[in-house]
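Asker: Following this message is one structure expressed as structure tokens.
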Amino acid sequence: MNADRFFAIDDGPGGTSRQLGIVVSGSLTEGLEVRLASGVSVEDMAVGRYVTIEGKRQCFFGMVTDIRLETTDKQMVGNPPDVSDSFVADVIEGTSTFALLHVLPMLTIPRGAAAQLRNEGPQPVKTIPAHYSRVHEASEEDVSAVFGAEDSSHYFIGTPLDMETKVCLNLERFVERSSGIFGKSGTGKTFLTRILLIGMVQKSKAVSLVFDMHNEYGWKGSWEGHGDGVKGLKQLFGQKVAVFTLDEESSRRRQVQTDHVVEIGYDQIEPEDIEMLKEPLMLSPRAMDAVHALVKHFGERHWLEEFLKLEAKDRDELAEEIDPASGTLRALSMSLSRLKRLPFLTAHARQDCLKAILEYLDRGTNVVLEFGRYQDLTAYVLVANVLTRRLHEHYVERKEKAMGDKAQEPRPLVIAIEEAHKFLNPEVSRQTIFGTIAREMRKYNVTLLVIDQRPSGIDDEIMSQIGTRITCLLDDERDVDSVLMGVSGKNELKSVLAKLETKQQALIFGHAVPMPVVVRTRDYGTAESYREFGFREAAEIHTLVNEDLKLWDR
Amino acid sequence: MTLDLLALSRQVEEAALPLQDAERARESSLSRALSVFSHWQGTVDALRAKVDGCGAHMTFRVPRLRQEWGEVIGPPGLPEDYGVIAVDGSQIDRDRHAGLDCALINIGTAALWYGERSHADLSSQPLLLCKENDLYLADPENKDNREPIEGALLHAKRSVLECGRLAELSQVLSEEGPLLCLVDNSLVLWGLMGRRFETYVRRALLEEYGVHLRRFRELAQAGKRVALVGYVSKSDSSQVVNLLRLADCQDPDCRNCEERYPRRQQSCHELGRLRDRDLFAAVLSTPGSRSALFDDPVSTGENAISPVEVSFFYLNTGEEIARAEVPGWVADDPALLQFAHATLWSQARLGFGYPVALTEAHEQAVVSVADREQFWSLIESTSYTHRLPYAPSIKSQGKRLRAL
Amino acid sequence: MCTKIGEVVEANTISFAAQSYELHQAPPFGSLVRASDGEADIFGLVYSVVTASIDTGRRPIARGRDEQDEEDIYRNNPQLPKLLRTDFDSLIVGFRQAGTVRQYLPPRPPRLHGFVYLSGNAEIVEFTQSLDFLNTIVSCSLGAPLDELAAACVRLAEEARGGDYSFRVAAGRELAMLLSTNQQRLKAILRRIRQ
């Protein structure tokens with residue numbers, strides 16, 4: 001038998017998949033080397049694509065993470081043959097010169113009748129295929145088999161590179177733990193978040209609370225190059241979504257249907273909230289001590305109100321009483337008076353918005369909190385912190401009261417926050433509520449959905465709690481390392497991550513997917529895409545209804 | 001043991017010295033000879049008369065003249081198609097130390113055809129001499145008297161057999177075209193001369209020889225163009241030089257010559273240093289040219305040493321002066337003689353100075369050392385198969401085994 | 001159609017020597033020839049052709065200084081054809097027994113004085129269906145010009161197939177794998193196949 005035939009292309013088990021080559025070396029920890037068969041052009045290969053490997057006992061599923069050119073004789077590097085001669089070119093292609101794919105094996109799919117009977121699905125890989133196992137392009141059936149078909153708990157998120165198969169996230173698992181969406185600015189995090197929120201509304205039992213810093217999620221969102229923008233959650237889901245706003249005027253101007261205007265009273269603000277604002281308000285540790293002293297002096301509920309009401313002279317007196325350094329109090333006063341400028345902060349809130357939020361959440365209505373004009377960090381951090389702290393208390397209480405009775409337990413809640421590194425960096429994560437939620441709140445059915453462009457700013461411990469990570473292109477090495485921390489096959493995935501396109505491509509790995517996957521995220525914003533999500537325009541519905549009526553008339 | 005070359009080289013050196021003197025002397029003889037030669041040109045009749053007059057008193061042999069003896073004849077044109085047959089032979093002599101009494105004669109033949117149907121036939125024919133008649137020549141008058149055929153006699157026998165083979169072939173091949181038939185020696189069996197052999201021996205062999213020679217004559221008489229030539233390379237003959245000596249002598253009578261003419265003796269001896277080939281090397285300057293034809297004075301009568309008349313000429317082959325001997329009927333036929341000259345010269349040219357047909361015949365005849373060994377092995381094994389007593393002598397075994 | 005061209009005069013396990021029936025008419029270098037051991041047909045590739053004197057002691061000498069044509073030399077020296085012979089040596093590359101062609105050494109060498117045939121196109125095509133023989137050529141230990149031999153037999157086999165480019169490429173690829181660590185040698189052979 002000619003050696004050439006050994007390397008020749010054959011039909012794969014699926015019959016339709018193209019054979020790419022055979023496994024020639026490799027290890028479990030470092031990945032497999034696949035020699036490309038002659039006739040398969042190296043330029044057809046791409047990093048991030050899937051392949052199946054036919055082992056003797058099982059089928060392996062893996063991802064291409066590197067591509068390399070090789071020659072059998074090192075001399076050919078310094079002394080290349082003349083390939084302008086088509087005969088020479090035909091002879092050496094695939095024989096003296098060949099390409100190697102580096103493949104990271106990730107799953108095994110057991111084969112054979114016994115395995116079918118046991119109904120075993122894909123397993124994480126614990127071994128490697130035998131020498132010279134055949135490697136095929138993964139077929140659409142293979143990808144479906146791994147990622148699951150679209151159904152009530154599997155949500156279509158995007159397509160793998162160069163394929164039309166739908167990659168689905170297991171939403172139940174997605175909301176079981178905190179998750180993160182990362183990527184440098186402009187790579188499509190907001191779109192991704194929207195898509196995931198829609199998925200959670202459609203297919204999971206969880207209810208979400210979105211701290212919408214840039215007014216993207218509630219009613220309408222922006223789309224570069226498209227003046228009309230994209231629909232927000234409320235446009236799609238109507239009553240299932242409640243839009244709260246901090247800035248009524250801004251919302252009105254933008255023609256956003258709002259359900260509630262948020263006011264926060266001074267009596268709702270606690271020292272921990274002020275602690276979070278250390279940076280934006282430029283508070284020294286001394287100032288923080290002063291705050292605690294004020295609370296002791298005026299009491300929890302009134303300290304801020306009273307302090308802000310003080311005249312300078314009274315303040316100095318107070319300083320002497322509780323703190324010899326009057327300069328501190330003066331500085332504190334100046335810092336805190338910035339809070340006075342926030343219109344949504346009043347001495348006493350007219351309504352307890354938190355109670356309103358909780359009621360909506362309990363009913364299963366999702367809540368989006370718009371910030372209107374107030375897009376600076378101070379407002380965002382303050383509001384998110386205040387509200388979340390109280391949510392946390394509520395949830396702990398509810399869960400403990402339920403005492404194992406599932407029916408009484410509160411609904412699973414997902415809190416979506418942007419600029420997460422501000423809340424979760426190592427300095428503050430131990431103290432803030434978000435740190436606490438990230439660490440513990442799984443058991444109270446509260447998880448985070450963090451959206452961030454500086455993942456390296458997030459505390460490592462927190463990051464390790466983030467079960468599912470969806471990352472778009474990142475160019476800072478520290479950010480890349482942070483996102484991939486604790487992931488097996490990290491080095492290979494790094495090179496895959498580096499090759500992502502700047503828009504609409506993401507690498508997804510973690511709890512909600514059986515193995516890392518590069519997807520081209522599904523579209524959002526076109527009429528077609530809305531239909532895909534299951535939404536119809538009013539006019540369309542009207543037409544359909546009329547048609548139905550006509551049918552009934554008969 | 002190997003040859004002691006050191007000792008030998010000294011002897012060779014010593015031998016060389018007197019040869020130098022001889023060479024100088026030879027040169028002066030040659031110029032003398034040439035002047036005599038040219039002096040006596042155009043005097044055929046006078047010279048012939050002189051030869052006839054005093055030939056009997058000469059101690060040396062002198063040839064008879066046919067024509068102007070200074071003639072130089074250039075090579076004539078070759079016919080289109082012709083053939084050349086040559087024979088040569090070699091022998092394995094009887095070995096008294098061997099187990100079986102026998103001898104081997106191997107006759108090689110080369111038949112080369114030129115022209116349209118150019119082709120060649122090369123072969124050899126071995127003859128084993130082991131019968132009584134092959135190994136001994138019996139005296140017809142005395143059955144107990146016999147001569148063993150070995151050594152010089154075997155050599156002569158071989159020449160006779162070669163001639164016989166040549167005659168056989170020419171009879172067949174003369175049908176296909178004109179033939180030049182060559183033997184590698186004089187037409188006269190000089191080996192039989194001298195007192196060595198008894199008359200009956202000579203007579204028996206010469207009779208056999210004569211039979212073969214006459215077959216050539218018959219062919220010629222039947223109109224076939226067949227020219228028999230005996231080719232002698234590096235001949236030592238000095239017959240024509242003797243003619244010079246005779247010509248130069250005023251009173252040719254060798255009886256008491258010394259006493260009577262001390263000075264003339266000197267001249268005669270001076271000339272006597274030369275051989276015919278030395279003379280004709282100077283006379284025949286062009287390769288391919290031949291000398292005049294001379295008749296060898298060999299007797300064909302009662303005490304005949306040759307069954308036929310023999311004539312000769314010298315030929316410049318390009319490499320040497322060769323002596324070509326032809327029988328009477330060729331000498332008497334100018335066309336045949338011309339044919340012989342032309343074809344002989346062509347043969348010499350093709351053979352780089354020596355007739356190529358003779359070279360090939362020789363190659364066919366040669367018995368190599370290996371062949372020799374195989375011959376004796378064959379004898380031995382056959383003796384063994386037929387349970388003949390084969391007892392090689394101790395000496396021969398020692399020779400063959402060369403044990404240490 | 002196979003023509004009888006010579007006779008085996010020497011044979012061993014890996015090669016055989018034959019004398020050509022016609023002077024100067026040996027099979028071309030690289031051609032496929034066939035002899036027999038009495039039962040199986042044994043295939044060889046011609047790797048050496050020599051015309052020389054029958055007698056090792058005698059060497060040919062130039063004879064044509066005065067001749068116009070080379071033919072005249074032979075015409076004027078009719079003994080030459082009788083004193084010369086043309087011999088050719090073949091590397092054994094396989095054999096055919098019971099209709100099956102195998103490309104490894106036969107159990108027995110060809111018989112002495114067996115006829116040697118020059119394989120015709122059909123036989124060449126049949127034999128070269130497998131390219132294993134290229135390995136035999138490339139790794140042979142005889143003092144033969146192996147690279148030239150490999151190229152010559154590929155050229156001849158391609159011709160026998162009526163100029164089949166795909167065969168040439170397949171042979172080239174087989175050689176590329178056999179000579180994977182020796183590109184210089186591969187280059188040299190490919191260059192010769194191309195021509």
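Scheme for the structure tokens: letters A, B, ... for chains in order shown; per-chain residue numbers from 1; ligand numbers from 1 in order shown.
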Could you give me, as a list in words, the residues within 10 Å of Ser153 of chain A, counting only C-alpha atoms and dropping anything in the same chain fewer than 2 positions from it?
Answerer: Gly148, Ala149, Glu150, Asp151, Tyr155, Phe156, Cys168, Leu169, Asn170, Leu171, Glu172, Arg173, Gly199, Met200, Gln202, Lys203, Ser204 and Lys205 of chain A
Asker: Can you list every residue in segment 122-177 of chain B that DSSP puts in strand (DSSP E), as a PyMOL selection string?
Answerer: chain B and resi 122-129+136-139+142-148
Asker: Can I get the selected residues back with N, CA and C atoms, as a PDB file, in the first residue's frame?
Answerer:
```
ATOM      1  N   LEU B 122      35.128 -17.166 -36.487  1.00  0.00           N
ATOM      2  CA  LEU B 122      36.308 -17.462 -35.684  1.00  0.00           C
ATOM      3  C   LEU B 122      36.055 -18.782 -34.972  1.00  0.00           C
ATOM      4  N   SER B 123      37.016 -19.678 -35.013  1.00  0.00           N
ATOM      5  CA  SER B 123      36.804 -20.955 -34.330  1.00  0.00           C
ATOM      6  C   SER B 123      38.131 -21.606 -34.017  1.00  0.00           C
ATOM      7  N   SER B 124      38.053 -22.644 -33.256  1.00  0.00           N
ATOM      8  CA  SER B 124      39.270 -23.411 -32.988  1.00  0.00           C
ATOM      9  C   SER B 124      38.905 -24.886 -32.965  1.00  0.00           C
ATOM     10  N   GLN B 125      39.889 -25.691 -33.242  1.00  0.00           N
ATOM     11  CA  GLN B 125      39.653 -27.147 -33.339  1.00  0.00           C
ATOM     12  C   GLN B 125      40.752 -27.840 -32.562  1.00  0.00           C
ATOM     13  N   PRO B 126      40.393 -28.500 -31.500  1.00  0.00           N
ATOM     14  CA  PRO B 126      41.432 -29.222 -30.755  1.00  0.00           C
ATOM     15  C   PRO B 126      41.600 -30.643 -31.304  1.00  0.00           C
ATOM     16  N   LEU B 127      42.861 -31.056 -31.372  1.00  0.00           N
ATOM     17  CA  LEU B 127      43.120 -32.422 -31.804  1.00  0.00           C
ATOM     18  C   LEU B 127      43.938 -33.130 -30.743  1.00  0.00           C
ATOM     19  N   LEU B 128      43.391 -34.211 -30.271  1.00  0.00           N
ATOM     20  CA  LEU B 128      44.107 -34.966 -29.248  1.00  0.00           C
ATOM     21  C   LEU B 128      44.942 -36.046 -29.930  1.00  0.00           C
ATOM     22  N   LEU B 129      46.233 -36.000 -29.652  1.00  0.00           N
ATOM     23  CA  LEU B 129      47.117 -37.015 -30.228  1.00  0.00           C
ATOM     24  C   LEU B 129      47.408 -38.038 -29.164  1.00  0.00           C
ATOM     25  N   TYR B 136      53.817 -41.533 -32.674  1.00  0.00           N
ATOM     26  CA  TYR B 136      55.096 -42.062 -33.202  1.00  0.00           C
ATOM     27  C   TYR B 136      55.050 -42.112 -34.713  1.00  0.00           C
ATOM     28  N   LEU B 137      56.203 -41.767 -35.307  1.00  0.00           N
ATOM     29  CA  LEU B 137      56.379 -41.946 -36.748  1.00  0.00           C
ATOM     30  C   LEU B 137      57.180 -43.229 -36.964  1.00  0.00           C
ATOM     31  N   ALA B 138      56.547 -44.117 -37.671  1.00  0.00           N
ATOM     32  CA  ALA B 138      57.254 -45.424 -37.815  1.00  0.00           C
ATOM     33  C   ALA B 138      58.071 -45.482 -39.104  1.00  0.00           C
ATOM     34  N   ASP B 139      59.176 -46.150 -38.995  1.00  0.00           N
ATOM     35  CA  ASP B 139      60.021 -46.353 -40.175  1.00  0.00           C
ATOM     36  C   ASP B 139      59.354 -47.450 -41.030  1.00  0.00           C
ATOM     37  N   ASN B 142      61.457 -50.494 -41.193  1.00  0.00           N
ATOM     38  CA  ASN B 142      61.898 -51.183 -39.974  1.00  0.00           C
ATOM     39  C   ASN B 142      60.902 -50.856 -38.866  1.00  0.00           C
ATOM     40  N   LYS B 143      60.023 -51.835 -38.627  1.00  0.00           N
ATOM     41  CA  LYS B 143      58.932 -51.553 -37.673  1.00  0.00           C
ATOM     42  C   LYS B 143      59.412 -51.198 -36.270  1.00  0.00           C
ATOM     43  N   ASP B 144      60.578 -51.673 -35.938  1.00  0.00           N
ATOM     44  CA  ASP B 144      61.056 -51.358 -34.578  1.00  0.00           C
ATOM     45  C   ASP B 144      61.615 -49.948 -34.469  1.00  0.00           C
ATOM     46  N   ASN B 145      61.850 -49.327 -35.659  1.00  0.00           N
ATOM     47  CA  ASN B 145      62.434 -47.992 -35.640  1.00  0.00           C
ATOM     48  C   ASN B 145      61.298 -46.961 -35.696  1.00  0.00           C
ATOM     49  N   ARG B 146      61.250 -46.171 -34.706  1.00  0.00           N
ATOM     50  CA  ARG B 146      60.215 -45.125 -34.737  1.00  0.00           C
ATOM     51  C   ARG B 146      60.685 -43.893 -33.980  1.00  0.00           C
ATOM     52  N   GLU B 147      60.132 -42.765 -34.366  1.00  0.00           N
ATOM     53  CA  GLU B 147      60.501 -41.467 -33.800  1.00  0.00           C
ATOM     54  C   GLU B 147      59.315 -40.954 -33.003  1.00  0.00           C
ATOM     55  N   PRO B 148      59.483 -40.642 -31.742  1.00  0.00           N
ATOM     56  CA  PRO B 148      58.353 -40.056 -31.003  1.00  0.00           C
ATOM     57  C   PRO B 148      58.056 -38.632 -31.509  1.00  0.00           C
TER      58      PRO B 148
END
```
Asker: Write out as an NGL selection string which residues come within 10 Å of segment 13-25 of chain C when counting only C-alpha atoms, dropping same-chain ones fewer than 4 positions away.
Answerer: :C and (4-9 or 35 or 43-52 or 81-82 or 84-94 or 104-116 or 140-142)
Asker: What does the distance from atom CA of Thr3 of chain C to atom CA of Leu118 of chain C come to in Å, to one decimal?
Answerer: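 According to the coordinates, atom CA of Thr3 of chain C and atom CA of Leu118 of chain C are separated by 5.3 Å.
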Asker: Taking only C-alpha atoms into account, which of C:Asp164, C:Glu39, C:Glu126, C:Glu174 comes nearest chain A?
Answerer: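 Closest candidate: C:Glu174.
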Asker: Any idea which chain C residues end up within 7 Å of chain B if we count only C-alpha atoms, as a PDB file with all heavy atoms, in the first residue's frame please?
Answerer:
```pdb
ATOM      1  N   ARG C  75      32.506  -2.735 -40.903  1.00  0.00           N
ATOM      2  CA  ARG C  75      32.543  -3.398 -42.204  1.00  0.00           C
ATOM      3  C   ARG C  75      33.976  -3.830 -42.533  1.00  0.00           C
ATOM      4  O   ARG C  75      34.201  -4.892 -43.069  1.00  0.00           O
ATOM      5  CB  ARG C  75      32.001  -2.462 -43.279  1.00  0.00           C
ATOM      6  CG  ARG C  75      31.416  -3.252 -44.448  1.00  0.00           C
ATOM      7  CD  ARG C  75      31.029  -2.431 -45.643  1.00  0.00           C
ATOM      8  NE  ARG C  75      30.950  -1.012 -45.431  1.00  0.00           N
ATOM      9  CZ  ARG C  75      29.840  -0.349 -45.109  1.00  0.00           C
ATOM     10  NH1 ARG C  75      28.704  -0.984 -44.993  1.00  0.00           N
ATOM     11  NH2 ARG C  75      29.862   0.950 -44.928  1.00  0.00           N
ATOM     12  N   ASN C  76      34.915  -2.966 -42.189  1.00  0.00           N
ATOM     13  CA  ASN C  76      36.301  -3.268 -42.512  1.00  0.00           C
ATOM     14  C   ASN C  76      36.995  -4.128 -41.467  1.00  0.00           C
ATOM     15  O   ASN C  76      38.145  -4.507 -41.636  1.00  0.00           O
ATOM     16  CB  ASN C  76      37.080  -1.961 -42.703  1.00  0.00           C
ATOM     17  CG  ASN C  76      36.601  -1.231 -43.939  1.00  0.00           C
ATOM     18  OD1 ASN C  76      36.126  -1.861 -44.884  1.00  0.00           O
ATOM     19  ND2 ASN C  76      36.722   0.081 -43.943  1.00  0.00           N
ATOM     20  N   PRO C  78      35.516  -7.177 -39.830  1.00  0.00           N
ATOM     21  CA  PRO C  78      34.384  -8.066 -39.567  1.00  0.00           C
ATOM     22  C   PRO C  78      34.574  -8.958 -38.355  1.00  0.00           C
ATOM     23  O   PRO C  78      33.603  -9.520 -37.862  1.00  0.00           O
ATOM     24  CB  PRO C  78      34.278  -8.901 -40.852  1.00  0.00           C
ATOM     25  CG  PRO C  78      35.604  -8.803 -41.490  1.00  0.00           C
ATOM     26  CD  PRO C  78      36.152  -7.476 -41.129  1.00  0.00           C
ATOM     27  N   GLN C  79      35.791  -9.055 -37.847  1.00  0.00           N
ATOM     28  CA  GLN C  79      35.981  -9.925 -36.685  1.00  0.00           C
ATOM     29  C   GLN C  79      35.471  -9.264 -35.392  1.00  0.00           C
ATOM     30  O   GLN C  79      35.263  -9.941 -34.395  1.00  0.00           O
ATOM     31  CB  GLN C  79      37.460 -10.293 -36.515  1.00  0.00           C
ATOM     32  CG  GLN C  79      38.345  -9.196 -35.958  1.00  0.00           C
ATOM     33  CD  GLN C  79      38.758  -8.182 -37.007  1.00  0.00           C
ATOM     34  OE1 GLN C  79      38.228  -8.158 -38.112  1.00  0.00           O
ATOM     35  NE2 GLN C  79      39.710  -7.347 -36.649  1.00  0.00           N
TER      36      GLN C  79
END
```
Asker: Expressed in Å to a single decimal, how great is the separation between atom CA of Asn445 of chain A and atom CA of Leu382 of chain A?
Answerer: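 Interatomic distance, atom CA of Asn445 of chain A to atom CA of Leu382 of chain A: 23.3 Å.
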Asker: Distance cut-off 8 Å, counting only C-alpha atoms - which residues of chain C neighbour chain A? Return them as a PyMOL selection string.
Answerer: chain C and resi 130-132+169-170+172-174+176-177+180-183+187+190+194
Asker: Limited to C-alpha atoms, could you put the picked residues into a file as a JSON list (two decimals), in the first residue's frame?
Answerer:
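Saved the output as part.json:
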```json
[["chain", "number", "residue", "atom", "x", "y", "z"],
["C", 130, "SER", "CA", 2.37, -0.93, -6.54],
["C", 131, "LEU", "CA", 5.17, 1.53, -5.88],
["C", 132, "ASP", "CA", 6.96, -0.57, -3.26],
["C", 169, "VAL", "CA", 2.99, 12.44, -9.11],
["C", 170, "ALA", "CA", 2.18, 9.30, -7.12],
["C", 172, "GLY", "CA", 7.16, 11.33, -6.79],
["C", 173, "ARG", "CA", 5.17, 11.37, -3.57],
["C", 174, "GLU", "CA", 6.27, 7.86, -2.68],
["C", 176, "ALA", "CA", 9.20, 12.07, -1.09],
["C", 177, "MET", "CA", 8.20, 9.86, 1.79],
["C", 180, "SER", "CA", 11.78, 12.52, 3.71],
["C", 181, "THR", "CA", 14.99, 13.48, 5.47],
["C", 182, "ASN", "CA", 17.08, 13.84, 2.37],
["C", 183, "GLN", "CA", 15.63, 16.59, 0.24],
["C", 187, "LYS", "CA", 15.34, 17.04, -5.64],
["C", 190, "LEU", "CA", 12.54, 14.64, -9.28],
["C", 194, "ARG", "CA", 10.57, 15.64, -14.95]]
```
Asker: Out of segment 20-175 of chain C, which residues get alpha helix (DSSP H) from DSSP, as a ChimeraX atom specification?
Answerer: /C:70-76,80-83,121-127,133-138,146-160,165-175
Asker: If we count only C-alpha atoms and set the cut-off at 6 Å, which residues sit around Tyr314 of chain B, ignoring sequence neighbours fewer than 4 positions away in its own chain? Please answer as a PyMOL selection string.
Answerer: chain B and resi 290-291+322-323
Asker: Keeping only all heavy atoms, take the residues you just selected and write them out as a tab-separated table (two decimals), in the first residue's frame.
Answerer:
```tsv
chain	number	residue	atom	x	y	z
B	290	ARG	N	56.21	-3.13	-51.73
B	290	ARG	CA	56.92	-4.40	-51.63
B	290	ARG	C	58.15	-4.37	-52.53
B	290	ARG	O	58.25	-3.56	-53.43
B	290	ARG	CB	56.00	-5.57	-52.01
B	290	ARG	CG	55.68	-5.69	-53.50
B	290	ARG	CD	55.10	-7.10	-53.76
B	290	ARG	NE	54.61	-7.20	-55.15
B	290	ARG	CZ	55.37	-7.60	-56.17
B	290	ARG	NH1	56.64	-7.92	-55.98
B	290	ARG	NH2	54.85	-7.68	-57.39
B	291	SER	N	59.01	-5.32	-52.21
B	291	SER	CA	60.23	-5.45	-53.03
B	291	SER	C	59.92	-6.28	-54.27
B	291	SER	O	58.81	-6.76	-54.44
B	291	SER	CB	61.30	-6.16	-52.21
B	291	SER	OG	60.91	-7.52	-52.01
B	322	ALA	N	58.27	-7.27	-43.42
B	322	ALA	CA	57.90	-8.69	-43.29
B	322	ALA	C	58.29	-9.43	-44.55
B	322	ALA	O	58.32	-8.86	-45.64
B	322	ALA	CB	56.41	-8.80	-43.04
B	323	ARG	N	58.56	-10.72	-44.40
B	323	ARG	CA	58.90	-11.58	-45.54
B	323	ARG	C	57.66	-12.39	-45.90
B	323	ARG	O	57.11	-13.10	-45.07
B	323	ARG	CB	60.04	-12.51	-45.16
B	323	ARG	CG	60.46	-13.48	-46.25
B	323	ARG	CD	61.54	-14.39	-45.70
B	323	ARG	NE	61.76	-15.55	-46.55
B	323	ARG	CZ	62.80	-15.70	-47.38
B	323	ARG	NH1	63.71	-14.74	-47.49
B	323	ARG	NH2	62.91	-16.79	-48.11
```
Asker: Could you give me, as a VMD selection string, the residues within 10 Å of Val483 of chain A, counting only C-alpha atoms and dropping anything in the same chain fewer than 6 positions from it?
Answerer: chain A and resid 180 to 183 454 to 456 458 460 463 to 464 466 469 to 471 474 477 490 494
